[in-house]
Structure formats: structure tokens, C-alpha cells
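Raw structure26.cif, mmCIF, C-alpha atoms:
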```cif
data_target
loop_
_atom_site.group_PDB
_atom_site.id
_atom_site.type_symbol
_atom_site.label_atom_id
_atom_site.label_comp_id
_atom_site.auth_asym_id
_atom_site.auth_seq_id
_atom_site.Cartn_x
_atom_site.Cartn_y
_atom_site.Cartn_z
ATOM 1 C CA MET B 259 -1.987 32.609 -8.290
ATOM 2 C CA ARG B 260 0.858 33.016 -5.862
ATOM 3 C CA SER B 261 3.981 30.925 -6.179
ATOM 4 C CA VAL B 262 4.277 28.284 -3.504
ATOM 5 C CA PRO B 263 7.436 28.257 -1.352
ATOM 6 C CA PHE B 264 9.808 25.369 -2.026
ATOM 7 C CA LEU B 265 9.335 23.294 1.152
ATOM 8 C CA PRO B 266 5.510 23.294 1.141
ATOM 9 C CA ALA B 267 5.593 22.422 -2.566
ATOM 10 C CA LEU B 268 8.046 19.585 -1.921
ATOM 11 C CA PHE B 269 5.949 18.199 0.925
ATOM 12 C CA ALA B 270 2.806 18.415 -1.218
ATOM 13 C CA ILE B 271 4.530 16.344 -3.903
ATOM 14 C CA ILE B 272 5.687 13.794 -1.332
ATOM 15 C CA LEU B 273 2.189 13.588 0.155
ATOM 16 C CA SER B 274 0.778 13.069 -3.351
ATOM 17 C CA LEU B 275 2.977 10.025 -4.004
ATOM 18 C CA PRO B 276 0.449 7.447 -2.700
ATOM 19 C CA PHE B 277 -2.121 8.848 -5.157
ATOM 20 C CA ILE B 278 0.394 8.778 -8.024
ATOM 21 C CA TYR B 279 1.541 5.248 -7.104
ATOM 22 C CA SER B 280 -2.044 3.977 -6.999
ATOM 23 C CA ALA B 281 -2.969 5.650 -10.273
ATOM 24 C CA ALA B 282 0.047 4.132 -12.007
ATOM 25 C CA ALA B 283 -0.871 0.680 -10.673
ATOM 26 C CA LEU B 284 -4.523 1.079 -11.709
ATOM 27 C CA LEU B 285 -3.452 2.187 -15.176
ATOM 28 C CA GLY B 286 -1.428 -1.023 -15.455
ATOM 29 C CA LEU B 287 1.937 0.692 -15.657
ATOM 30 C CA PHE B 288 3.263 -1.870 -13.170
ATOM 31 C CA SER B 289 1.998 -4.708 -11.000
ATOM 32 C CA PRO B 290 2.128 -3.770 -7.332
ATOM 33 C CA PRO B 291 3.547 -6.385 -4.967
ATOM 34 C CA ARG B 292 1.049 -8.500 -3.098
ATOM 35 C CA SER B 293 1.017 -7.348 0.462
ATOM 36 C CA ALA B 294 -1.125 -6.800 3.498
ATOM 37 C CA TRP B 295 -2.472 -3.451 2.327
ATOM 38 C CA GLY B 296 -4.506 -5.120 -0.407
ATOM 39 C CA GLY B 297 -3.577 -3.187 -3.539
ATOM 40 C CA PRO B 298 -4.046 0.264 -5.000
ATOM 41 C CA LEU B 299 -7.800 0.538 -4.377
ATOM 42 C CA ALA B 300 -7.389 -0.241 -0.681
ATOM 43 C CA LEU B 301 -4.508 2.221 -0.491
ATOM 44 C CA LEU B 302 -6.650 4.946 -2.055
ATOM 45 C CA THR B 303 -9.571 4.212 0.231
ATOM 46 C CA ASN B 304 -7.353 4.623 3.269
ATOM 47 C CA TYR B 305 -5.274 7.500 1.969
ATOM 48 C CA GLY B 306 -8.347 9.534 0.966
ATOM 49 C CA ALA B 307 -9.322 9.569 4.645
ATOM 50 C CA ILE B 308 -5.773 10.469 5.668
ATOM 51 C CA TYR B 309 -5.708 13.358 3.168
ATOM 52 C CA LEU B 310 -8.933 14.824 4.532
ATOM 53 C CA ALA B 311 -7.872 14.323 8.146
ATOM 54 C CA MET B 312 -4.571 16.036 7.373
ATOM 55 C CA LEU B 313 -6.495 19.016 5.990
ATOM 56 C CA GLY B 314 -8.343 19.137 9.288
ATOM 57 C CA GLY B 315 -4.994 19.347 11.079
ATOM 58 C CA VAL B 316 -3.897 22.193 8.827
ATOM 59 C CA TYR B 317 -7.196 23.956 9.458
ATOM 60 C CA TRP B 318 -6.615 23.596 13.221
ATOM 61 C CA GLY B 319 -3.326 25.416 12.673
ATOM 62 C CA PHE B 320 -5.139 28.196 10.835
ATOM 63 C CA ALA B 321 -7.838 28.326 13.534
ATOM 64 C CA ALA B 322 -5.206 28.643 16.254
ATOM 65 C CA LYS B 323 -4.514 32.161 14.992
ATOM 66 C CA ARG B 324 -7.997 33.247 15.972
ATOM 67 C CA ALA B 325 -9.999 30.636 17.840
ATOM 68 C CA THR B 326 -13.541 31.739 17.074
ATOM 69 C CA ILE B 327 -16.368 29.218 17.004
ATOM 70 C CA LEU B 328 -16.486 29.490 13.201
ATOM 71 C CA ASP B 329 -12.801 28.660 12.852
ATOM 72 C CA VAL B 330 -13.033 25.674 15.189
ATOM 73 C CA PHE B 331 -16.151 24.462 13.375
ATOM 74 C CA ILE B 332 -14.394 24.700 10.006
ATOM 75 C CA ALA B 333 -11.422 22.762 11.401
ATOM 76 C CA ILE B 334 -13.581 19.781 12.356
ATOM 77 C CA ILE B 335 -15.353 19.512 8.999
ATOM 78 C CA PRO B 336 -12.594 17.587 7.110
ATOM 79 C CA PRO B 337 -12.253 14.695 9.609
ATOM 80 C CA PHE B 338 -16.016 14.280 9.817
ATOM 81 C CA THR B 339 -16.185 14.417 6.023
ATOM 82 C CA ALA B 340 -13.581 11.633 5.924
ATOM 83 C CA LEU B 341 -15.605 9.579 8.383
ATOM 84 C CA GLY B 342 -18.803 10.004 6.379
ATOM 85 C CA ALA B 343 -17.055 9.244 3.098
ATOM 86 C CA GLY B 344 -15.431 6.141 4.563
ATOM 87 C CA LEU B 345 -18.819 4.831 5.638
ATOM 88 C CA SER B 346 -20.411 5.450 2.237
ATOM 89 C CA ALA B 347 -20.905 2.827 -0.443
ATOM 90 C CA THR B 348 -18.529 4.718 -2.765
ATOM 91 C CA PRO B 349 -15.756 6.033 -0.505
ATOM 92 C CA ASN B 350 -13.295 7.047 -3.218
ATOM 93 C CA LEU B 351 -15.835 9.210 -5.023
ATOM 94 C CA SER B 352 -16.990 10.642 -1.690
ATOM 95 C CA TYR B 353 -13.397 11.496 -0.731
ATOM 96 C CA ALA B 354 -12.959 13.256 -4.073
ATOM 97 C CA ILE B 355 -16.102 15.329 -3.522
ATOM 98 C CA GLY B 356 -14.945 16.163 0.009
ATOM 99 C CA ILE B 357 -11.511 17.289 -1.192
ATOM 100 C CA VAL B 358 -13.103 19.576 -3.790
ATOM 101 C CA ALA B 359 -15.544 20.939 -1.201
ATOM 102 C CA MET B 360 -12.654 21.804 1.123
ATOM 103 C CA LEU B 361 -11.460 24.327 -1.487
ATOM 104 C CA VAL B 362 -14.320 26.552 -0.316
ATOM 105 C CA LEU B 363 -12.977 26.365 3.229
ATOM 106 C CA ASP B 364 -9.494 27.170 1.939
ATOM 107 C CA MET B 365 -10.877 30.326 0.354
ATOM 108 C CA VAL B 366 -12.608 31.261 3.627
ATOM 109 C CA TYR B 367 -9.337 30.992 5.534
ATOM 110 C CA ILE B 368 -7.435 32.954 2.881
ATOM 111 C CA SER B 369 -10.064 35.706 2.748
ATOM 112 C CA ARG B 370 -9.929 36.019 6.551
ATOM 113 C CA GLY B 371 -6.126 36.354 6.446
ATOM 114 C CA MET B 372 -5.577 33.103 8.345
ATOM 115 C CA ALA B 373 -3.963 31.116 5.513
ATOM 116 C CA PRO B 374 -1.089 32.286 3.338
ATOM 117 C CA LYS B 375 -1.972 33.671 -0.083
ATOM 118 C CA TRP B 376 -0.169 30.765 -1.809
ATOM 119 C CA TRP B 377 -2.249 28.140 0.035
ATOM 120 C CA LEU B 378 -4.903 27.882 -2.677
ATOM 121 C CA SER B 379 -2.270 27.313 -5.372
ATOM 122 C CA LEU B 380 -0.797 24.461 -3.353
ATOM 123 C CA ARG B 381 -4.201 22.931 -2.694
ATOM 124 C CA LEU B 382 -5.239 23.159 -6.338
ATOM 125 C CA TYR B 383 -2.168 21.284 -7.550
ATOM 126 C CA SER B 384 -2.285 18.562 -4.905
ATOM 127 C CA GLY B 385 -6.086 18.445 -5.072
ATOM 128 C CA VAL B 386 -6.107 17.789 -8.811
ATOM 129 C CA ILE B 387 -3.824 14.788 -8.282
ATOM 130 C CA ALA B 388 -5.895 13.466 -5.382
ATOM 131 C CA VAL B 389 -9.304 14.029 -6.970
ATOM 132 C CA GLY B 390 -8.234 12.773 -10.390
ATOM 133 C CA THR B 391 -6.885 9.553 -8.913
ATOM 134 C CA LEU B 392 -9.889 8.969 -6.660
ATOM 135 C CA VAL B 393 -12.392 9.578 -9.465
ATOM 136 C CA TYR B 394 -10.449 7.316 -11.815
ATOM 137 C CA ALA B 395 -10.331 4.596 -9.140
ATOM 138 C CA HIS B 396 -14.081 4.877 -8.655
ATOM 139 C CA TYR B 397 -14.719 4.170 -12.344
ATOM 140 C CA ALA B 398 -11.858 1.710 -12.878
#
```

Starting from the file, lay out its structure as C-alpha cells.
Amino acid sequence: MRSVPFLPALFAIILSLPFIYSAAALLGLFSPPRSAWGGPLALLTNYGAIYLAMLGGVYWGFAAKRATILDVFIAIIPPFTALGAGLSATPNLSYAIGIVAMLVLDMVYISRGMAPKWWLSLRLYSGVIAVGTLVYAHYA
């Protein structure tokens, strides 16, 4: 595995904070304030879609290097996965499966030289946090 540069690693940690916050609340480490967003499960349900849509944006950046039909097709998979997962009866589990499935697309981009070599390391670390939290929330 390649070491991840500091700024992408920092941003990955920051973007993982909603997952960490929700997991801590679901584990009972603290009581979240009552607010309009409806609690940690609602936050996870919304943030799972945001995470997948964000991956789609990153994939668009990779595809911009070489705009073949395959690259554009890959770039639209994450947002449509988020849409399908959000419409399912078990969105958090569906988001988790989608995030794991996107690792295959990450490997495609890396193998084609369109993503940096450290990208998979970054995705594995942030993906474990996201998937672990979403799966836990599904069974909580």
C-alpha cells in the first residue's frame, strides 16, 4: 500500500466524522441533541448517499483525464447506486454494499493510470469506517 499524502488523508478523516459521530451516538457513548435532522440513523441514511455521490464526483475527475465512454459510465455508477440504495427498504446496508462495490471501480481507475497509486489506501481506510458504521446501524 502506498502512503497517502497529508491533505487527502486529513480530508478523508474530516469526511468520516459524520460516520464516527453517528457510531458513537448509536453505541450510547453520548446522547445527541434533539434537532431537525432526526438523530444518528437519519444522519447515516443521508450521509451514505452523500458519500456515494461524492465518489461519483471524484470519478468524474478521474474520467476527465480520458473521457472514454467507459470512464463516463463508471463515473455515473456511484450516484445511481446512492439513488437505488436510498429507495431500498434497508438503505444503510445498501449504502455499505455500494461503498464496498466501488472499491472495484477504484482498482479499475488505478490500473488504467487515472487515479493515484495511494487512492486505494485512502479508500480502504475511509471505507472501513463508513461500511462498519452503516452495517452496525443496520443491525442496531

Within 12 Å of region 283-287 of chain B using all atoms listed in the file, minus same-chain residues under 5 positions, as a ChimeraX atom specification:
/B:276-278,297-302,391-398

Contacts of Ala267 (chain B) within 12 Å, only C-alpha atoms, excl. fewer than 5 positions in-chain, as a PDB file with C-alpha atoms, keeping the file's coordinate frame:
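The resulting file, out_36.pdb, is reproduced below:
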```
ATOM      1  CA  SER B 261       3.981  30.925  -6.179  1.00  0.00           C
ATOM      2  CA  VAL B 262       4.277  28.284  -3.504  1.00  0.00           C
ATOM      3  CA  ILE B 272       5.687  13.794  -1.332  1.00  0.00           C
ATOM      4  CA  LEU B 273       2.189  13.588   0.155  1.00  0.00           C
ATOM      5  CA  SER B 274       0.778  13.069  -3.351  1.00  0.00           C
ATOM      6  CA  TRP B 376      -0.169  30.765  -1.809  1.00  0.00           C
ATOM      7  CA  TRP B 377      -2.249  28.140   0.035  1.00  0.00           C
ATOM      8  CA  LEU B 378      -4.903  27.882  -2.677  1.00  0.00           C
ATOM      9  CA  SER B 379      -2.270  27.313  -5.372  1.00  0.00           C
ATOM     10  CA  LEU B 380      -0.797  24.461  -3.353  1.00  0.00           C
ATOM     11  CA  ARG B 381      -4.201  22.931  -2.694  1.00  0.00           C
ATOM     12  CA  LEU B 382      -5.239  23.159  -6.338  1.00  0.00           C
ATOM     13  CA  TYR B 383      -2.168  21.284  -7.550  1.00  0.00           C
ATOM     14  CA  SER B 384      -2.285  18.562  -4.905  1.00  0.00           C
TER      15      SER B 384
END
```

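With distances taken over all atoms listed in the file, B:Pro374 is the one residue among B:Val358, B:Ile387, B:Ala340, B:Pro374 lying closest to Gly319 (chain B).
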
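Take the candidates B:Ala347, B:Gly385, B:Pro336, B:Arg324 and check each one against Ala373 (chain B) using all atoms listed in the file; the shortest distance goes to B:Arg324.
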
Do you have the CA of Thr303 (chain B)-CA of Leu361 (chain B) distance handy?
20.3 Å

Choose the residue, out of B:Ile308, B:Ala325, B:Phe320, B:Leu313, that has the smallest atom-to-atom separation from Ala343 (chain B); count all atoms listed in the file.
B:Ile308

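Using only C-alpha atoms, the shortest contact distance between Ala307 (chain B) and any of B:Met360, B:Ala388, B:Leu341, B:Ile368 is found at B:Leu341.
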
Do you have the CA of Phe288 (chain B)-CA of Ala311 (chain B) distance handy?
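A separation of 29.0 Å between them.
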
Explicit residues for the PyMOL selection byres ((chain B and resi 335) around 12) (as a PyMOL selection string):
chain B and resi 310-318+328-334+336-343+356-357+359-360+362-364

Report, in Å with one decimal, the straight-line distance from CA of Ala282 (chain B) to CA of Val389 (chain B).
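So the answer is 14.5 Å.
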
B:Asn304, B:Arg292, B:Arg370, B:Arg260 ranked by distance to Leu345 (chain B), top pick (using all atoms listed in the file)
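Answer, going by the shortest atom-to-atom distance: B:Asn304.
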
Give me, as a ChimeraX atom specification, all polymer residues having an atom no more than 10 Å from Gly371 (chain B), counting all atoms listed in the file and skipping those fewer than 4 positions away in the same chain.
/B:320,323,365-367,375

Shortest contact to Tyr305 (chain B), candidates B:Leu265, B:Ala270, B:Met372, B:Leu275, atoms counted only C-alpha atoms, goes to B:Leu275
